[in-house]
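File shown: coords13.cif. Contents: mmCIF, C-alpha atoms.
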```cif
data_structure
loop_
_atom_site.label_atom_id
_atom_site.label_comp_id
_atom_site.auth_asym_id
_atom_site.auth_seq_id
_atom_site.Cartn_x
_atom_site.Cartn_y
_atom_site.Cartn_z
CA LEU W 1268 108.03 182.80 77.26
CA MET W 1269 109.24 180.52 74.46
CA LYS W 1270 112.11 182.65 73.11
CA PRO W 1271 114.74 181.21 75.51
CA ILE W 1272 113.49 177.71 74.72
CA PHE W 1273 113.74 178.28 70.97
CA THR W 1274 117.21 179.80 71.34
CA ALA W 1275 118.43 176.79 73.32
CA ALA W 1276 116.82 174.39 70.83
CA LYS W 1277 118.52 176.06 67.87
CA ALA W 1278 121.89 175.98 69.63
CA ALA W 1279 121.76 172.19 70.04
CA PRO W 1280 118.96 170.62 67.98
CA LYS W 1281 117.63 167.36 69.42
CA ARG W 1282 116.13 164.31 67.70
CA ILE W 1283 112.40 164.48 68.38
CA VAL W 1284 109.93 161.72 67.58
CA TYR W 1285 106.49 162.76 66.31
CA ALA W 1286 104.40 159.68 67.05
CA GLU W 1287 101.47 160.66 64.82
CA GLY W 1288 103.65 161.46 61.85
CA GLU W 1289 100.85 161.18 59.27
CA ASP W 1290 98.63 163.79 60.96
CA GLU W 1291 98.22 167.06 59.02
CA ARG W 1292 98.74 169.17 62.14
CA VAL W 1293 101.95 167.32 62.91
CA LEU W 1294 103.29 167.65 59.36
CA ARG W 1295 102.63 171.39 59.26
CA ALA W 1296 104.26 171.85 62.66
CA VAL W 1297 107.27 169.78 61.60
CA GLN W 1298 107.76 172.01 58.57
CA VAL W 1299 108.04 175.00 60.92
CA VAL W 1300 110.45 173.09 63.17
CA ILE W 1301 112.63 172.34 60.16
CA ASP W 1302 112.46 175.91 58.82
CA GLU W 1303 113.46 177.31 62.22
CA GLY W 1304 116.16 174.71 62.86
CA LEU W 1305 114.63 173.70 66.18
CA ALA W 1306 115.09 169.92 65.99
CA ARG W 1307 115.73 166.91 63.80
CA PRO W 1308 112.24 165.40 63.42
CA ILE W 1309 111.59 161.65 63.35
CA LEU W 1310 108.14 160.87 61.95
CA VAL W 1311 106.41 157.62 62.86
CA GLY W 1312 104.17 156.63 59.98
CA ARG W 1313 103.87 154.98 56.60
CA PRO W 1314 106.33 156.66 54.19
CA ALA W 1315 103.96 156.57 51.21
CA VAL W 1316 101.20 158.25 53.23
CA ILE W 1317 103.55 160.85 54.69
CA MET W 1318 105.00 161.79 51.28
CA LYS W 1319 101.55 161.98 49.67
CA ARG W 1320 100.33 164.33 52.38
CA ILE W 1321 103.45 166.48 52.27
CA GLU W 1322 102.73 167.03 48.57
CA ARG W 1323 99.01 167.61 49.17
CA PHE W 1324 99.65 170.24 51.84
CA GLY W 1325 102.28 172.05 49.77
CA LEU W 1326 105.10 171.41 52.25
CA ARG W 1327 108.76 171.50 51.23
CA MET W 1328 110.46 169.03 53.56
CA GLN W 1329 112.09 165.87 52.25
CA PRO W 1330 113.06 162.62 54.03
CA GLU W 1331 116.72 162.13 54.94
CA ALA W 1332 117.52 165.72 54.00
CA HIS W 1333 115.22 167.23 56.62
CA PHE W 1334 113.69 164.42 58.68
CA ASP W 1335 113.83 160.71 59.39
CA MET W 1336 111.04 158.13 59.50
CA ILE W 1337 110.08 155.00 61.39
CA ASN W 1338 107.71 152.83 59.38
CA PRO W 1339 105.43 150.83 61.71
CA GLU W 1340 104.56 148.43 58.88
CA ARG W 1341 108.05 147.62 57.63
CA ASP W 1342 111.25 148.74 59.35
CA ASP W 1343 114.63 147.02 59.52
CA ARG W 1344 114.68 147.67 63.27
CA PHE W 1345 111.34 145.96 63.95
CA LYS W 1346 112.81 142.83 65.54
CA GLU W 1347 115.21 144.86 67.67
CA TYR W 1348 112.36 147.07 68.84
CA TRP W 1349 109.88 144.34 69.78
CA THR W 1350 112.51 142.16 71.45
CA GLU W 1351 113.62 145.12 73.58
CA TYR W 1352 110.02 145.85 74.52
CA TYR W 1353 109.53 142.19 75.39
CA ARG W 1354 112.67 142.19 77.52
CA LEU W 1355 111.41 145.18 79.49
CA THR W 1356 107.89 143.85 80.03
CA GLN W 1357 108.04 140.04 79.98
CA ARG W 1358 107.54 139.98 83.76
CA LYS W 1359 104.48 142.18 83.39
CA GLY W 1360 102.37 139.85 81.27
CA VAL W 1361 103.68 140.75 77.80
CA THR W 1362 104.38 137.75 75.57
CA GLU W 1363 106.61 137.69 72.49
CA ALA W 1364 103.59 137.54 70.19
CA TYR W 1365 101.88 140.45 71.96
CA ALA W 1366 105.10 142.51 71.87
CA GLN W 1367 105.24 142.08 68.10
CA ILE W 1368 101.60 143.09 67.67
CA GLU W 1369 101.97 146.14 69.90
CA MET W 1370 105.10 147.30 68.12
CA ARG W 1371 103.19 147.38 64.82
CA ARG W 1372 100.20 149.37 66.06
CA ARG W 1373 101.21 151.54 69.04
CA LEU W 1374 102.95 154.63 67.72
CA THR W 1375 103.77 156.04 71.14
CA LEU W 1376 105.38 152.72 72.06
CA ILE W 1377 107.58 152.92 68.97
CA GLY W 1378 108.71 156.40 69.94
CA ALA W 1379 109.36 155.38 73.54
CA VAL W 1380 111.56 152.48 72.42
CA ALA W 1381 113.46 154.80 70.07
CA ILE W 1382 114.24 157.05 73.05
CA HIS W 1383 115.15 154.07 75.22
CA ARG W 1384 117.59 152.83 72.56
CA GLY W 1385 119.25 156.23 72.30
CA GLU W 1386 117.95 156.87 68.78
CA ALA W 1387 115.88 159.89 69.85
CA ASP W 1388 116.00 162.51 72.58
CA GLY W 1389 112.33 163.25 73.09
CA MET W 1390 108.82 162.70 71.76
CA LEU W 1391 105.56 164.47 71.03
CA CYS W 1392 102.51 162.21 71.09
CA GLY W 1393 98.84 162.19 72.00
CA MET W 1394 97.14 163.77 68.99
CA SER W 1395 94.43 161.17 69.53
CA GLY W 1396 93.45 158.87 72.37
CA THR W 1397 93.52 159.45 76.11
CA HIS W 1398 96.44 160.71 78.15
CA LYS W 1399 96.37 157.48 80.15
CA SER W 1400 96.67 155.29 77.06
CA HIS W 1401 99.88 157.04 76.00
CA LEU W 1402 101.34 157.23 79.50
CA ARG W 1403 101.07 153.45 79.76
CA TYR W 1404 103.79 152.93 77.15
CA ILE W 1405 105.96 155.73 78.51
CA ASP W 1406 105.81 154.02 81.90
CA GLN W 1407 106.55 150.55 80.54
CA VAL W 1408 109.59 151.60 78.52
CA LEU W 1409 111.05 154.77 80.04
CA GLY W 1410 109.66 154.91 83.58
CA LEU W 1411 110.14 157.56 86.23
CA ARG W 1412 113.27 159.51 86.99
CA ARG W 1413 115.25 158.00 89.85
CA GLY W 1414 113.90 159.19 93.19
CA ILE W 1415 110.52 160.23 91.76
CA ARG W 1416 107.38 158.29 92.68
CA ASN W 1417 104.60 159.94 90.70
CA TYR W 1418 103.73 161.00 87.18
CA ALA W 1419 102.04 164.34 86.63
CA ALA W 1420 101.10 166.66 83.78
CA MET W 1421 101.53 170.43 83.60
CA ASN W 1422 99.87 172.89 81.24
CA ALA W 1423 100.97 176.47 80.54
CA VAL W 1424 98.29 179.11 79.99
CA MET W 1425 99.83 182.09 78.18
CA LEU W 1426 97.87 185.21 79.12
CA PRO W 1427 98.49 188.75 77.78
CA SER W 1428 100.30 189.87 80.92
CA ARG W 1429 101.69 186.64 82.38
CA THR W 1430 101.89 182.87 82.07
CA VAL W 1431 100.16 180.54 84.53
CA PHE W 1432 101.26 176.91 84.94
CA ILE W 1433 98.67 174.38 86.14
CA ALA W 1434 99.41 170.90 87.54
CA ASP W 1435 98.37 168.13 87.80
CA THR W 1436 96.02 168.35 84.84
CA TYR W 1437 95.69 164.73 83.65
CA VAL W 1438 97.23 161.98 85.75
CA ASN W 1439 96.14 161.95 89.41
CA PRO W 1440 92.39 162.46 90.04
CA ASP W 1441 92.67 162.64 93.84
CA PRO W 1442 96.33 163.01 94.86
CA THR W 1443 97.52 162.58 98.43
CA PRO W 1444 99.41 165.34 100.29
CA ASP W 1445 102.67 163.52 99.55
CA GLN W 1446 101.85 163.36 95.86
CA ILE W 1447 100.84 167.02 95.76
CA ALA W 1448 104.09 168.01 97.44
CA GLU W 1449 106.20 166.06 94.95
CA ILE W 1450 104.22 167.37 91.98
CA THR W 1451 104.63 170.92 93.29
CA LEU W 1452 108.39 170.59 93.52
CA LEU W 1453 108.64 169.00 90.07
CA ALA W 1454 106.46 171.73 88.56
CA ALA W 1455 108.59 174.43 90.19
CA GLU W 1456 111.71 172.79 88.80
CA GLU W 1457 110.29 172.88 85.26
CA ILE W 1458 109.08 176.48 85.59
CA LYS W 1459 112.59 177.59 86.54
CA ARG W 1460 113.82 176.21 83.21
CA PHE W 1461 111.75 178.95 81.54
CA GLY W 1462 113.68 181.57 83.53
CA ILE W 1463 110.69 182.21 85.81
CA VAL W 1464 110.77 182.29 89.60
CA PRO W 1465 107.81 180.11 90.63
CA LYS W 1466 105.15 181.30 93.05
CA VAL W 1467 102.86 178.44 94.01
CA ALA W 1468 99.20 178.41 95.01
CA LEU W 1469 97.78 175.07 96.14
CA LEU W 1470 94.08 175.33 95.43
CA SER W 1471 91.02 174.05 97.24
CA HIS W 1472 87.70 175.77 97.95
CA SER W 1473 89.15 177.19 101.18
CA SER W 1474 90.65 180.69 101.47
CA PHE W 1475 93.26 181.18 104.21
CA GLY W 1476 91.93 178.40 106.42
CA THR W 1477 88.22 179.24 106.20
CA SER W 1478 87.28 175.58 105.70
CA ASP W 1479 88.12 172.34 107.43
CA GLU W 1480 86.81 170.08 104.67
CA PRO W 1481 89.03 167.15 103.58
CA SER W 1482 90.31 168.90 100.44
CA ALA W 1483 91.35 171.96 102.45
CA ARG W 1484 93.10 169.83 105.09
CA LYS W 1485 94.88 167.94 102.34
CA MET W 1486 96.24 171.14 100.81
CA ARG W 1487 97.39 172.44 104.20
CA ALA W 1488 99.25 169.17 104.77
CA ALA W 1489 100.83 169.48 101.32
CA VAL W 1490 101.96 173.05 102.03
CA ALA W 1491 103.67 171.87 105.21
CA LEU W 1492 105.47 169.13 103.29
CA VAL W 1493 106.61 171.52 100.56
CA ASN W 1494 107.89 174.01 103.15
CA ALA W 1495 109.91 171.24 104.81
CA MET W 1496 111.32 169.97 101.52
CA ASP W 1497 112.09 173.34 99.93
CA PRO W 1498 111.92 176.24 102.41
CA ASP W 1499 112.90 178.76 99.73
CA LEU W 1500 109.94 178.02 97.47
CA GLU W 1501 107.13 180.56 97.84
CA VAL W 1502 103.95 178.52 98.35
CA GLU W 1503 100.54 179.18 99.86
#
```

Same coordinates, now as structure tokens:
Amino acid sequence: LMKPIFTAAKAAPKRIVYAEGEDERVLRAVQVVIDEGLARPILVGRPAVIMKRIERFGLRMQPEAHFDMINPERDDRFKEYWTEYYRLTQRKGVTEAYAQIEMRRRLTLIGAVAIHRGEADGMLCGMSGTHKSHLRYIDQVLGLRRGIRNYAAMNAVMLPSRTVFIADTYVNPDPTPDQIAEITLLAAEEIKRFGIVPKVALLSHSSFGTSDEPSARKMRAAVALVNAMDPDLEVE
């Protein structure tokens, strides 16, 4: 599944922010990314802590040569970052003082602003905390793609004989038929990027119309919407 993704990544390495740059799991993964030439990592964290842990874990990577850093405690770009965050959110209750505080302590926010400013191409975050707490800063700074109304999360389960993609796994606890339809189309779009032709099952406790409970009716309505929006997508 991942071979085409790795090949594309090596062909044009992107700048990827690792929000929890001091985490052992992140540092070990970043070493692999560097060894394989998959990306140019940007670690968010305190340089002294990162370097101490690199040495402790026996890793070989070195700053500037292999990766870049954003220091949440002291960075020359701090004022530029918090003022940009304030500009984006001042009409949503964020004051200048609060913007400065948040920019010191919210690692995902730092990464989101780096992407917004064109200093990074993507981010990995969420090693701790809830999905919702991280999504808040993504929404404030980056927002939704034009024409899209809903966030959603998708997980890939890699089985011995096939890969199953599941959505929405984190964001919408009780989505409407319209939301389900949009999430379905977005998920299908992402699955195609893996070179896979998507086949979609919208799940409720009903099998082929055996139930008329609200969840089953909702899924039938969603199927009708998906069929109208993308008649070529195989969905049941």

For the structure shown, which residues end up in the PyMOL selection byres ((chain W and resi 1300-1313) around 6)? Put them as a PDB file with C-alpha atoms, in the frame of the given file, please?
```pdb
ATOM      1  CA  ALA W1276     116.820 174.390  70.830  1.00  0.00           C
ATOM      2  CA  LYS W1277     118.520 176.060  67.870  1.00  0.00           C
ATOM      3  CA  PRO W1280     118.960 170.620  67.980  1.00  0.00           C
ATOM      4  CA  LYS W1281     117.630 167.360  69.420  1.00  0.00           C
ATOM      5  CA  ARG W1282     116.130 164.310  67.700  1.00  0.00           C
ATOM      6  CA  ILE W1283     112.400 164.480  68.380  1.00  0.00           C
ATOM      7  CA  VAL W1284     109.930 161.720  67.580  1.00  0.00           C
ATOM      8  CA  TYR W1285     106.490 162.760  66.310  1.00  0.00           C
ATOM      9  CA  ALA W1286     104.400 159.680  67.050  1.00  0.00           C
ATOM     10  CA  GLY W1288     103.650 161.460  61.850  1.00  0.00           C
ATOM     11  CA  GLU W1289     100.850 161.180  59.270  1.00  0.00           C
ATOM     12  CA  VAL W1297     107.270 169.780  61.600  1.00  0.00           C
ATOM     13  CA  GLN W1298     107.760 172.010  58.570  1.00  0.00           C
ATOM     14  CA  VAL W1299     108.040 175.000  60.920  1.00  0.00           C
ATOM     15  CA  PRO W1314     106.330 156.660  54.190  1.00  0.00           C
ATOM     16  CA  ALA W1315     103.960 156.570  51.210  1.00  0.00           C
ATOM     17  CA  VAL W1316     101.200 158.250  53.230  1.00  0.00           C
ATOM     18  CA  PHE W1334     113.690 164.420  58.680  1.00  0.00           C
ATOM     19  CA  ASP W1335     113.830 160.710  59.390  1.00  0.00           C
ATOM     20  CA  MET W1336     111.040 158.130  59.500  1.00  0.00           C
ATOM     21  CA  ILE W1337     110.080 155.000  61.390  1.00  0.00           C
ATOM     22  CA  ASN W1338     107.710 152.830  59.380  1.00  0.00           C
TER      23      ASN W1338
END
```

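Relative to CA of Gln1407 (chain W), CA of Glu1291 (chain W) is found at 28.4 Å.
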
Kindly give the distance, in Å, that separates CA of Glu1287 (chain W) and CA of Tyr1352 (chain W), rounded to a single decimal.
-> 19.7 Å

Within 12 Å of region 1375-1396 of chain W: each region 1326-1355 of chain W residue with its shortest pair, only C-alpha atoms, as a Markdown table:
```
| residue | atom | partner | partner_atom | distance |
| --- | --- | --- | --- | --- |
| W:Asp1335 | CA | W:Ala1387 | CA | 10.7 |
| W:Met1336 | CA | W:Gly1378 | CA | 10.8 |
| W:Ile1337 | CA | W:Ile1377 | CA | 8.2 |
| W:Asn1338 | CA | W:Ile1377 | CA | 9.6 |
| W:Pro1339 | CA | W:Ile1377 | CA | 7.9 |
| W:Glu1340 | CA | W:Ile1377 | CA | 11.4 |
| W:Asp1342 | CA | W:Ile1377 | CA | 11.1 |
| W:Arg1344 | CA | W:Ala1381 | CA | 9.9 |
| W:Phe1345 | CA | W:Ile1377 | CA | 9.4 |
| W:Lys1346 | CA | W:Ile1377 | CA | 11.9 |
| W:Glu1347 | CA | W:Arg1384 | CA | 9.6 |
| W:Tyr1348 | CA | W:Val1380 | CA | 6.5 |
| W:Trp1349 | CA | W:Val1380 | CA | 8.7 |
| W:Thr1350 | CA | W:Val1380 | CA | 10.4 |
| W:Glu1351 | CA | W:Val1380 | CA | 7.7 |
| W:Tyr1352 | CA | W:Val1380 | CA | 7.1 |
| W:Tyr1353 | CA | W:Val1380 | CA | 10.9 |
| W:Arg1354 | CA | W:Val1380 | CA | 11.5 |
| W:Leu1355 | CA | W:Val1380 | CA | 10.2 |
```

Write a file of the just-selected residues containing C-alpha atoms, as a PDB file, in the frame of the given file.
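Written output follows (selection02.pdb):
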```pdb
ATOM      1  CA  ASP W1335     113.830 160.710  59.390  1.00  0.00           C
ATOM      2  CA  MET W1336     111.040 158.130  59.500  1.00  0.00           C
ATOM      3  CA  ILE W1337     110.080 155.000  61.390  1.00  0.00           C
ATOM      4  CA  ASN W1338     107.710 152.830  59.380  1.00  0.00           C
ATOM      5  CA  PRO W1339     105.430 150.830  61.710  1.00  0.00           C
ATOM      6  CA  GLU W1340     104.560 148.430  58.880  1.00  0.00           C
ATOM      7  CA  ASP W1342     111.250 148.740  59.350  1.00  0.00           C
ATOM      8  CA  ARG W1344     114.680 147.670  63.270  1.00  0.00           C
ATOM      9  CA  PHE W1345     111.340 145.960  63.950  1.00  0.00           C
ATOM     10  CA  LYS W1346     112.810 142.830  65.540  1.00  0.00           C
ATOM     11  CA  GLU W1347     115.210 144.860  67.670  1.00  0.00           C
ATOM     12  CA  TYR W1348     112.360 147.070  68.840  1.00  0.00           C
ATOM     13  CA  TRP W1349     109.880 144.340  69.780  1.00  0.00           C
ATOM     14  CA  THR W1350     112.510 142.160  71.450  1.00  0.00           C
ATOM     15  CA  GLU W1351     113.620 145.120  73.580  1.00  0.00           C
ATOM     16  CA  TYR W1352     110.020 145.850  74.520  1.00  0.00           C
ATOM     17  CA  TYR W1353     109.530 142.190  75.390  1.00  0.00           C
ATOM     18  CA  ARG W1354     112.670 142.190  77.520  1.00  0.00           C
ATOM     19  CA  LEU W1355     111.410 145.180  79.490  1.00  0.00           C
TER      20      LEU W1355
END
```

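Applied to the file shown here, the PyMOL selection byres ((chain W and resi 1366) around 9) selects Trp1349, Thr1350, Tyr1352, Tyr1353, Thr1356, Gln1357, Val1361, Thr1362, Glu1363, Ala1364, Tyr1365, Gln1367, Ile1368, Glu1369, Met1370 and Arg1371 of chain W.
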
Leaving out Ile1463 (chain W) and any residue of its chain fewer than 6 positions from it, which residues lie within 12 Å of it when counting only C-alpha atoms, given as a PyMOL selection string?
-> chain W and resi 1268-1269+1271+1429-1432+1454-1457

Run the PyMOL selection byres ((chain W and resi 1450) around 10) on the file and write out the hits as number ranges by chain.
-> W: 1415-1421, 1434-1435, 1442, 1444-1449, 1451-1456, 1493

note - CA of Arg1403 (chain W) and CA of Gly1360 (chain W) are separated by 13.7 Å

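Closest to Val1464 (chain W) among W:Glu1501, W:Ser1428, W:Asp1441, W:Asp1479 is W:Glu1501, based on all atoms listed in the file.
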